[in-house]
Protein chains: 2
Amino acid sequence: MATIKDVARRAGVSVGTVSHVINNTASVREETKDRVLSAIKELNYHPNSVARSLQSRRTNTISLVLPAIEHSLGEPSYLLQLLAGISDECKRHGFDLLVSAASSDEERLTIYQRIVRGKRADGCIITSTKKDDERIAYLIKEDIPFVAFGRANDEWDFPYVDVDGEAGVRQGVRYLLDLGHRRIGFIGLPSELMCSQHRLAGYRSALEEQGIELEPNLIVEGKTTKEGGYYAMKRLLKLNPDLTAVMVSSDLMALGAMEAVREAGLSVGKDISVVGFDDIQMAASYQPPLTTIRQPTYRIGVMLSRMLIQLINGEELDERRVILQPELIVRESCGRREETTLSQGKARER
Amino acid sequence: MATIKDVARRAGVSVGTVSHVINNTASVREETKDRVLSAIKELNYHPNSVARSLQSRRTNTISLVLPAIEHSLGEPSYLLQLLAGISDECKRHGFDLLVSAASSDEERLTIYQRIVRGKRADGCIITSTKKDDERIAYLIKEDIPFVAFGRANDEWDFPYVDVDGEAGVRQGVRYLLDLGHRRIGFIGLPSELMCSQHRLAGYRSALEEQGIELEPNLIVEGKTTKEGGYYAMKRLLKLNPDLTAVMVSSDLMALGAMEAVREAGLSVGKDISVVGFDDIQMAASYQPPLTTIRQPTYRIGVMLSRMLIQLINGEELDERRVILQPELIVRESCGRREETTLSQGKARER
DNA sequence: CTGTTAGCGCGTTCAC
DNA sequence: GTGAACGCGCTAACAG
């Protein structure tokens, strides 16, 4: 492998000159520049990025630690879109992306420490934040550039990108209200997750707008799996025989919920309208296709990447806290509440 | 940030000694070793991996270029599982993983060149091989360590991992034969793809085993999308009114095929049995759940990673060409061909 | 404009 | 057992 010295020797100049023509860091006479350029070509020379990094104290690399991929298969399309956004924006700025997968939270922290202290990357992106996320505590303490996907504890001040889950759910519930539904259930996420509150708040505010009183019986919580949605829906149906619609906090759970609806001998979209959240890939292919709230996952990735790189470059951030708006995707899992539906609803009280 | 010099000064020894205790590269007196160790701790010192890489001419990093992620959403779970396998095995060997996404083939090549010539990684993994893959040509020419997921041109000799698509399809078709089906269609992939031939061969051999003659009318080809499967199935049904089963070369296409079956007023699993290939996440959740051939994607990732690292370490490869066996996953999209089905099949000839 | 040289942080001889 | 010195490939500062 040719080095800068080889090029210098071949072109009959010094290494300094070669460096200058490579980096445009000083004006070099046309003729010598040409000599250098052709020497580079002949030797098939490419600067060694490691040596560059050592000298510049920059790796031009950012790090991303994914949550245990094999276990989070609930949301593969989501992770991949995020990755695509991050990666594309990295490319645009000449950065590389170091990806690791961790199975536990402790392991994630270990990885960050290794990567960041070992100077393998200039900064990192963290996802799935928790309220008192120890990674955030660590990164702030060590003064390491990072951007988070998701909010956390209000005490900490750090740059993040998040989706407006409240507005998203509000849109979904408003849509159900517009279709004439009044008995609308809500299936929430486990409360330790940062976003569960936001989504519930959206449900609340949509109902309040219409002066509809909140009923505890209409609100249940489930695990973030298909099964979680299934059991949550069963409970909901049992508690509320007159239910005509449900807002579910995640598509995966919505899939389970629809199964429960079918099992109860009811029809999704006719007897019970269902709205999900995430717009996972399966949502569109399911029978019936699921109406849901789409997160701009790719854009989130782009924003995360862009902000982190700005941070690394010492630039001022345009916005330190970015909240992106989700979008209602109307498909076929919802229907207008007809009078007949109502009587039918009563009929199944047995 | 503390360097090795700081540690040496603090411990009252030379940098050489510090290096020795860190890397266990020479025996050091217990007492001095302790002094060094505590100096390391006090200074919160961590070796700079960039400097190490420069010195050792090794980055302990491998590179993976994903196909245009946002476009290949057909198979998100597949990519993620592969990534998980690669990443886990990397971790086991102390390697990091550099991930990039490329939208076109030319871009992929560019990325490999940049990463490999710039010595950002010690080797790379390539996926979705083609018959005359220019990346393979390049990597062989430049003598860069790499492992491919998928076979290619027979002229080239390089290490790869692949799935035995032929055996997989054969299993699927045998299963259909065991259920009594005789008029079994085949929906193939675009022929430029390396795996399309293997899968077709599996179909052929399964039928030949039973002495069933091949009929060109039963074999169609489609694009690797849901729509591709949809149109392919329509053609198949039109050409063969007496069809009772179909082997589809990809789950995504199988989903489309099932839609076409439904649209023709037929029932999947009853009138027409369908077998897919891949076991994408949606396969299990679909109505009806799809019987399919599962690729050991995670294991493939592990193998790729392990082989590449062996290559980088200059070790002899246990196997240079690894073929992994896929597995038939029986779900509900197939049924026994009853006599009634046959008459029903005739009935729809109009 | 171009050449020389001193590091960047570390591993590694080779003396002692 | 330990230390001094050199080199990995490159950039940058300074001379000329």
# chains A, B, ... in the order shown; residues from 1 in each chain; ligands from 1
call {"tool": "interface_residues", "arguments": {"of": "chain C", "to": "chain A", "cutoff": "9 Å", "atoms": "only C-alpha atoms (C1' of nucleotides)", "output": "PyMOL selection string"}}
result
chain C and resi 1-4+7-9
call {"tool": "write_last_selection", "arguments": {"atoms": "C-alpha atoms (C1' of nucleotides)", "output": "compact mmCIF listing (two decimals), in the first residue's frame"}}
result
# COMPACT_ATOMS: atom_id res chain seq x y z
C1' DC C 1 5.43 28.29 -3.72
C1' DT C 2 8.00 24.31 -1.56
C1' DG C 3 10.86 21.65 1.92
C1' DT C 4 11.76 20.41 6.81
C1' DG C 7 4.22 15.95 16.88
C1' DC C 8 -0.74 13.02 17.07
C1' DG C 9 -0.73 8.33 20.83
call {"tool": "interface_residues", "arguments": {"of": "chain D", "to": "chain A", "cutoff": "9 Å", "atoms": "only C-alpha atoms (C1' of nucleotides)", "output": "count of residues only"}}
result
4
call {"tool": "interface_residues", "arguments": {"of": "chain A", "to": "chain B", "cutoff": "8 Å", "atoms": "only C-alpha atoms", "output": "ChimeraX atom specification"}}
result
/A:46-51,53-54,68-70,73,76-77,80-81,84,87-88,96-101,117-120,281-282,286-287
call {"tool": "calpha_fit_and_write", "arguments": {"fixed": "chain A", "moving": "chain B", "output": "CSV table (one decimal) with C-alpha atoms, in the first residue's frame"}}
result
chain,number,residue,atom,x,y,z
B,1,MET,CA,0.2,0.1,0.0
B,2,ALA,CA,1.6,3.4,-1.0
B,3,THR,CA,2.1,6.2,1.6
B,4,ILE,CA,2.4,9.9,1.3
B,5,LYS,CA,6.2,9.5,1.4
B,6,ASP,CA,6.1,7.3,-1.7
B,7,VAL,CA,4.1,9.9,-3.5
B,8,ALA,CA,6.5,12.6,-2.5
B,9,ARG,CA,9.5,10.7,-3.6
B,10,ARG,CA,7.9,9.8,-6.9
B,11,ALA,CA,6.9,13.3,-7.6
B,12,GLY,CA,10.2,14.7,-6.5
B,13,VAL,CA,8.8,16.9,-3.8
B,14,SER,CA,8.4,16.8,0.0
B,15,VAL,CA,5.6,15.2,1.9
B,16,GLY,CA,4.4,18.6,3.0
B,17,THR,CA,3.8,19.6,-0.6
B,18,VAL,CA,1.9,16.5,-1.2
B,19,SER,CA,-0.3,17.1,1.8
B,20,HIS,CA,-1.0,20.6,0.6
B,21,VAL,CA,-2.2,19.5,-2.8
B,22,ILE,CA,-4.4,16.8,-1.3
B,23,ASN,CA,-6.0,19.1,1.2
B,24,ASN,CA,-5.9,22.4,-0.7
B,25,THR,CA,-4.3,23.9,2.3
B,26,ALA,CA,-1.8,26.1,0.5
B,27,SER,CA,-1.4,27.2,-3.1
B,28,VAL,CA,1.0,25.1,-5.0
B,29,ARG,CA,2.5,25.8,-8.4
B,30,GLU,CA,0.4,24.2,-11.2
B,31,GLU,CA,3.3,22.3,-12.5
B,32,THR,CA,4.3,20.6,-9.2
B,33,LYS,CA,0.7,20.0,-8.4
B,34,ASP,CA,0.3,18.1,-11.6
B,35,ARG,CA,3.4,16.1,-10.8
B,36,VAL,CA,2.0,15.2,-7.4
B,37,LEU,CA,-1.4,14.3,-8.8
B,38,SER,CA,-0.1,12.0,-11.4
B,39,ALA,CA,2.2,10.3,-8.9
B,40,ILE,CA,-0.9,9.8,-6.7
B,41,LYS,CA,-2.7,8.2,-9.6
B,42,GLU,CA,0.2,6.0,-10.7
B,43,LEU,CA,0.8,4.7,-7.2
B,44,ASN,CA,-3.0,4.3,-6.6
B,45,TYR,CA,-2.4,6.2,-3.4
B,46,HIS,CA,-5.2,6.8,-0.9
B,47,PRO,CA,-4.6,8.7,2.3
B,48,ASN,CA,-4.7,6.5,5.4
B,49,SER,CA,-7.8,7.6,7.3
B,50,VAL,CA,-6.4,6.2,10.6
B,51,ALA,CA,-3.3,8.3,10.4
B,52,ARG,CA,-5.5,11.2,9.5
B,53,SER,CA,-7.7,10.6,12.5
B,54,LEU,CA,-4.8,10.3,14.8
B,55,GLN,CA,-3.5,13.7,13.6
B,56,SER,CA,-6.8,15.5,13.5
B,57,ARG,CA,-8.2,13.9,16.6
B,58,ARG,CA,-11.4,13.2,14.6
B,59,THR,CA,-12.7,10.0,13.3
B,60,ASN,CA,-15.5,11.3,11.1
B,61,THR,CA,-17.5,8.5,12.5
B,62,ILE,CA,-20.7,8.4,14.6
B,63,SER,CA,-22.0,5.5,16.6
B,64,LEU,CA,-25.4,4.0,16.9
B,65,VAL,CA,-26.4,1.3,19.3
B,66,LEU,CA,-29.5,-0.6,18.3
B,67,PRO,CA,-31.7,-2.2,20.9
B,68,ALA,CA,-31.5,-6.0,20.9
B,69,ILE,CA,-32.4,-6.4,17.3
B,70,GLU,CA,-33.5,-10.0,17.4
B,71,HIS,CA,-35.9,-9.3,20.2
B,72,SER,CA,-37.4,-6.1,18.8
B,73,LEU,CA,-38.6,-7.8,15.7
B,74,GLY,CA,-41.9,-6.1,16.4
B,75,GLU,CA,-40.7,-3.1,14.5
B,76,PRO,CA,-38.2,-4.0,11.9
B,77,SER,CA,-39.2,-1.6,9.3
B,78,TYR,CA,-39.0,1.2,11.8
B,79,LEU,CA,-35.4,0.5,12.7
B,80,LEU,CA,-34.4,0.1,9.1
B,81,GLN,CA,-35.9,3.4,8.0
B,82,LEU,CA,-34.2,5.1,10.9
B,83,LEU,CA,-31.0,3.5,9.9
B,84,ALA,CA,-31.5,4.6,6.3
B,85,GLY,CA,-32.0,8.2,7.3
B,86,ILE,CA,-29.0,8.3,9.6
B,87,SER,CA,-26.8,6.6,7.1
B,88,ASP,CA,-27.8,8.8,4.2
B,89,GLU,CA,-27.2,12.0,6.1
B,90,CYS,CA,-23.9,10.7,7.3
B,91,LYS,CA,-22.9,10.0,3.7
B,92,ARG,CA,-23.8,13.5,2.8
B,93,HIS,CA,-21.3,14.9,5.3
B,94,GLY,CA,-18.6,12.3,4.8
B,95,PHE,CA,-19.2,10.5,8.0
B,96,ASP,CA,-19.2,6.8,8.6
B,97,LEU,CA,-21.6,4.9,10.9
B,98,LEU,CA,-20.6,2.4,13.5
B,99,VAL,CA,-23.5,0.2,14.4
B,100,SER,CA,-23.7,-2.2,17.4
B,101,ALA,CA,-26.5,-4.2,18.8
B,102,ALA,CA,-26.9,-4.6,22.5
B,103,SER,CA,-29.2,-7.0,24.2
B,104,SER,CA,-29.5,-5.2,27.5
B,105,ASP,CA,-29.3,-1.7,28.8
B,106,GLU,CA,-26.1,-2.3,30.7
B,107,GLU,CA,-24.5,-3.6,27.6
B,108,ARG,CA,-25.5,-0.6,25.7
B,109,LEU,CA,-23.8,1.6,28.2
B,110,THR,CA,-20.7,-0.5,28.0
B,111,ILE,CA,-20.6,-0.2,24.3
B,112,TYR,CA,-20.9,3.6,24.4
B,113,GLN,CA,-18.1,3.8,26.9
B,114,ARG,CA,-15.8,1.6,24.8
B,115,ILE,CA,-16.5,3.4,21.6
B,116,VAL,CA,-16.5,6.9,22.9
B,117,ARG,CA,-13.6,6.7,25.3
B,118,GLY,CA,-11.6,4.6,22.9
B,119,LYS,CA,-12.2,7.5,20.4
B,120,ARG,CA,-13.6,5.2,17.8
B,121,ALA,CA,-16.4,7.7,17.1
B,122,ASP,CA,-16.8,11.4,17.5
B,123,GLY,CA,-20.3,11.1,18.9
B,124,CYS,CA,-23.3,9.0,19.2
B,125,ILE,CA,-27.0,8.6,18.7
B,126,ILE,CA,-29.2,6.9,21.3
B,127,THR,CA,-32.7,5.6,20.8
B,128,SER,CA,-35.6,4.5,22.9
B,129,THR,CA,-34.9,6.9,25.7
B,130,LYS,CA,-36.3,6.3,29.2
B,131,LYS,CA,-37.2,8.8,31.8
B,132,ASP,CA,-34.0,8.6,33.8
B,133,ASP,CA,-31.8,7.1,31.1
B,134,GLU,CA,-28.4,6.3,32.5
B,135,ARG,CA,-26.9,6.6,29.1
B,136,ILE,CA,-27.9,10.2,28.9
B,137,ALA,CA,-26.5,10.8,32.4
B,138,TYR,CA,-23.2,9.3,31.4
B,139,LEU,CA,-23.0,11.1,28.1
B,140,ILE,CA,-23.8,14.5,29.7
B,141,LYS,CA,-21.3,13.8,32.4
B,142,GLU,CA,-18.5,12.9,30.1
B,143,ASP,CA,-19.4,15.8,27.8
B,144,ILE,CA,-19.6,13.6,24.7
B,145,PRO,CA,-21.5,14.8,21.7
B,146,PHE,CA,-24.8,12.9,21.4
B,147,VAL,CA,-28.4,13.3,20.2
B,148,ALA,CA,-31.3,11.3,21.4
B,149,PHE,CA,-34.3,9.9,19.7
B,150,GLY,CA,-36.9,10.6,22.3
B,151,ARG,CA,-37.3,12.9,25.3
B,152,ALA,CA,-36.4,12.1,28.9
B,153,ASN,CA,-36.3,13.6,32.3
B,154,ASP,CA,-37.0,17.3,32.2
B,155,GLU,CA,-34.0,18.1,34.4
B,156,TRP,CA,-31.6,17.2,31.7
B,157,ASP,CA,-30.8,19.6,28.9
B,158,PHE,CA,-29.8,17.7,25.8
B,159,PRO,CA,-30.5,17.8,22.1
B,160,TYR,CA,-33.2,15.4,20.9
B,161,VAL,CA,-35.6,14.6,18.1
B,162,ASP,CA,-39.0,13.2,19.0
B,163,VAL,CA,-42.4,12.6,17.5
B,164,ASP,CA,-45.3,14.5,18.8
B,165,GLY,CA,-47.2,11.5,20.0
B,166,GLU,CA,-49.8,13.5,21.7
B,167,ALA,CA,-50.8,15.3,18.5
B,168,GLY,CA,-50.7,12.0,16.6
B,169,VAL,CA,-53.1,10.2,19.0
B,170,ARG,CA,-55.2,13.3,19.1
B,171,GLN,CA,-55.6,13.2,15.3
B,172,GLY,CA,-56.5,9.5,15.5
B,173,VAL,CA,-59.1,10.0,18.1
B,174,ARG,CA,-60.5,13.1,16.4
B,175,TYR,CA,-60.9,11.0,13.3
B,176,LEU,CA,-62.9,8.4,15.3
B,177,LEU,CA,-65.0,11.2,16.8
B,178,ASP,CA,-65.7,12.5,13.3
B,179,LEU,CA,-66.9,9.1,12.3
B,180,GLY,CA,-69.5,9.4,15.0
B,181,HIS,CA,-67.9,7.2,17.6
B,182,ARG,CA,-68.4,8.2,21.2
B,183,ARG,CA,-67.4,5.1,23.2
B,184,ILE,CA,-63.7,5.1,22.3
B,185,GLY,CA,-61.3,2.9,24.1
B,186,PHE,CA,-57.6,3.5,24.6
B,187,ILE,CA,-54.9,0.9,24.7
B,188,GLY,CA,-51.7,2.4,26.1
B,189,LEU,CA,-48.0,1.4,26.4
B,190,PRO,CA,-46.3,0.4,29.6
B,191,SER,CA,-46.0,3.5,31.6
B,192,GLU,CA,-42.3,3.5,32.1
B,193,LEU,CA,-41.8,4.3,28.5
B,194,MET,CA,-41.3,7.9,27.8
B,195,CYS,CA,-43.9,8.1,25.0
B,196,SER,CA,-46.7,6.3,26.8
B,197,GLN,CA,-47.7,9.5,28.6
B,198,HIS,CA,-47.7,11.6,25.5
B,199,ARG,CA,-50.0,9.3,23.7
B,200,LEU,CA,-52.4,9.1,26.5
B,201,ALA,CA,-52.4,12.9,26.7
B,202,GLY,CA,-53.5,12.9,23.1
B,203,TYR,CA,-56.4,10.7,23.8
B,204,ARG,CA,-57.4,12.8,26.7
B,205,SER,CA,-57.3,16.1,24.9
B,206,ALA,CA,-59.2,14.9,21.9
B,207,LEU,CA,-62.1,13.8,24.1
B,208,GLU,CA,-61.9,17.0,26.2
B,209,GLU,CA,-62.2,19.1,23.1
B,210,GLN,CA,-65.5,17.4,22.5
B,211,GLY,CA,-66.6,17.7,26.1
B,212,ILE,CA,-66.6,14.0,26.5
B,213,GLU,CA,-65.9,12.8,30.0
B,214,LEU,CA,-63.0,10.4,30.5
B,215,GLU,CA,-63.9,7.0,31.8
B,216,PRO,CA,-61.2,4.9,33.5
B,217,ASN,CA,-62.9,1.8,32.1
B,218,LEU,CA,-62.0,2.9,28.6
B,219,ILE,CA,-58.3,3.1,29.3
B,220,VAL,CA,-56.2,0.0,29.6
B,221,GLU,CA,-52.5,-0.7,29.3
B,222,GLY,CA,-50.7,-3.6,27.6
B,223,LYS,CA,-47.2,-5.0,26.8
B,224,THR,CA,-45.8,-3.8,23.5
B,225,THR,CA,-46.4,-7.0,21.7
B,226,LYS,CA,-49.2,-8.5,19.6
B,227,GLU,CA,-50.3,-10.6,22.5
B,228,GLY,CA,-50.2,-7.5,24.7
B,229,GLY,CA,-52.7,-5.9,22.4
B,230,TYR,CA,-54.8,-9.0,22.2
B,231,TYR,CA,-55.3,-9.3,26.0
B,232,ALA,CA,-55.8,-5.5,26.4
B,233,MET,CA,-58.6,-5.6,23.9
B,234,LYS,CA,-60.2,-8.5,25.5
B,235,ARG,CA,-60.3,-6.6,28.8
B,236,LEU,CA,-61.6,-3.6,27.1
B,237,LEU,CA,-64.4,-5.4,25.4
B,238,LYS,CA,-65.4,-7.1,28.6
B,239,LEU,CA,-65.5,-3.8,30.5
B,240,ASN,CA,-67.3,-2.0,27.8
B,241,PRO,CA,-69.9,-4.0,25.8
B,242,ASP,CA,-70.9,-0.8,24.1
B,243,LEU,CA,-67.5,0.0,22.7
B,244,THR,CA,-67.4,1.0,19.0
B,245,ALA,CA,-63.8,2.1,18.5
B,246,VAL,CA,-60.4,1.9,20.0
B,247,MET,CA,-57.2,3.9,19.7
B,248,VAL,CA,-54.2,1.6,20.1
B,249,SER,CA,-50.7,3.0,21.0
B,250,SER,CA,-48.8,0.7,18.6
B,251,ASP,CA,-49.6,-1.1,15.4
B,252,LEU,CA,-48.2,-4.4,16.7
B,253,MET,CA,-50.6,-4.2,19.6
B,254,ALA,CA,-53.4,-3.1,17.2
B,255,LEU,CA,-52.9,-6.3,15.3
B,256,GLY,CA,-53.5,-8.3,18.4
B,257,ALA,CA,-56.4,-6.1,19.3
B,258,MET,CA,-58.0,-6.8,15.9
B,259,GLU,CA,-57.6,-10.5,16.5
B,260,ALA,CA,-59.4,-10.2,19.8
B,261,VAL,CA,-62.2,-8.3,18.0
B,262,ARG,CA,-62.6,-11.1,15.5
B,263,GLU,CA,-62.5,-13.7,18.2
B,264,ALA,CA,-65.4,-11.9,19.9
B,265,GLY,CA,-67.4,-12.5,16.8
B,266,LEU,CA,-67.2,-8.8,15.8
B,267,SER,CA,-66.0,-7.3,12.6
B,268,VAL,CA,-63.1,-4.8,12.5
B,269,GLY,CA,-64.1,-1.6,10.8
B,270,LYS,CA,-67.8,-2.4,11.0
B,271,ASP,CA,-68.5,-3.2,14.6
B,272,ILE,CA,-65.3,-1.9,16.1
B,273,SER,CA,-63.1,0.7,14.5
B,274,VAL,CA,-59.4,0.4,15.2
B,275,VAL,CA,-56.6,3.0,14.9
B,276,GLY,CA,-53.0,2.1,15.4
B,277,PHE,CA,-49.7,4.0,15.8
B,278,ASP,CA,-46.4,3.6,13.9
B,279,ASP,CA,-47.5,2.5,10.5
B,280,ILE,CA,-45.4,-0.6,10.5
B,281,GLN,CA,-45.1,-2.4,7.2
B,282,MET,CA,-47.7,-5.0,8.1
B,283,ALA,CA,-50.3,-2.3,8.7
B,284,ALA,CA,-50.9,-1.8,5.1
B,285,SER,CA,-51.0,-5.5,4.2
B,286,TYR,CA,-53.2,-6.7,7.0
B,287,GLN,CA,-56.9,-7.6,6.6
B,288,PRO,CA,-58.4,-5.1,6.9
B,289,PRO,CA,-55.6,-2.6,6.3
B,290,LEU,CA,-55.0,-0.7,9.4
B,291,THR,CA,-55.7,3.0,9.8
B,292,THR,CA,-52.7,4.4,11.8
B,293,ILE,CA,-50.5,7.2,12.7
B,294,ARG,CA,-47.3,7.3,10.7
B,295,GLN,CA,-44.0,8.5,12.2
B,296,PRO,CA,-41.6,10.2,9.9
B,297,THR,CA,-39.0,7.7,10.7
B,298,TYR,CA,-36.6,8.3,7.9
B,299,ARG,CA,-36.7,12.1,8.6
B,300,ILE,CA,-36.0,11.5,12.2
B,301,GLY,CA,-32.9,9.6,11.3
B,302,VAL,CA,-31.8,12.4,9.0
B,303,MET,CA,-32.4,15.0,11.7
B,304,LEU,CA,-30.5,13.0,14.3
B,305,SER,CA,-27.6,12.6,12.1
B,306,ARG,CA,-27.5,16.2,11.0
B,307,MET,CA,-27.7,17.5,14.5
B,308,LEU,CA,-25.0,15.2,15.8
B,309,ILE,CA,-22.7,16.2,13.0
B,310,GLN,CA,-23.3,19.9,13.7
B,311,LEU,CA,-22.5,19.3,17.3
B,312,ILE,CA,-19.3,17.5,16.4
B,313,ASN,CA,-18.3,20.3,14.1
B,314,GLY,CA,-18.8,22.7,16.9
B,315,GLU,CA,-21.6,24.5,15.0
B,316,GLU,CA,-24.6,26.0,16.7
B,317,LEU,CA,-27.7,23.8,16.5
B,318,ASP,CA,-30.6,25.3,14.6
B,319,GLU,CA,-32.9,23.7,17.1
B,320,ARG,CA,-31.9,21.8,20.1
B,321,ARG,CA,-35.2,20.1,20.6
B,322,VAL,CA,-37.0,19.0,17.5
B,323,ILE,CA,-40.6,17.7,17.6
B,324,LEU,CA,-41.8,16.1,14.4
B,325,GLN,CA,-45.4,15.8,13.5
B,326,PRO,CA,-46.8,12.4,12.7
B,327,GLU,CA,-49.5,11.8,10.0
B,328,LEU,CA,-52.8,10.0,10.0
B,329,ILE,CA,-53.0,7.3,7.4
B,330,VAL,CA,-56.5,6.4,6.7
B,331,ARG,CA,-57.1,2.8,5.6
B,332,GLU,CA,-60.0,0.4,6.1
B,333,SER,CA,-60.0,-0.5,9.8
B,334,CYS,CA,-62.5,2.2,10.7
B,335,GLY,CA,-66.1,2.8,9.8
B,336,ARG,CA,-68.8,5.3,10.5
B,337,ARG,CA,-70.8,4.5,13.6
B,338,GLU,CA,-74.3,3.9,12.3
B,339,GLU,CA,-77.3,3.6,14.4
B,340,THR,CA,-77.5,0.0,13.6
B,341,THR,CA,-74.0,-0.4,15.0
B,342,LEU,CA,-75.3,1.0,18.2
B,343,SER,CA,-78.1,-1.5,18.5
B,344,GLN,CA,-75.8,-4.2,17.5
B,345,GLY,CA,-73.5,-3.1,20.3
B,346,LYS,CA,-76.3,-3.4,22.7
B,347,ALA,CA,-77.3,-6.7,21.4
B,348,ARG,CA,-74.0,-8.2,22.4
B,349,GLU,CA,-74.5,-7.3,26.0
B,350,ARG,CA,-76.2,-10.6,26.1
call {"tool": "select_by_dssp", "arguments": {"residues": "stretch 43-279 of chain B", "states": "strand (DSSP E)", "output": "PyMOL selection string"}}
result
chain B and resi 61-67+96-102+123-126+146-149+160-163+184-188+219-221+245-248+273-278
call {"tool": "select_by_dssp", "arguments": {"residues": "stretch 211-327 of chain B", "states": "helix (DSSP H, G or I)", "output": "ChimeraX atom specification"}}
result
/B:216-218,226-239,251-263,281-285,297-312
call {"tool": "atom_distance", "arguments": {"atom1": "atom C1' of C:DG11", "atom2": "atom C1' of D:DA12"}}
result
24.6 Å
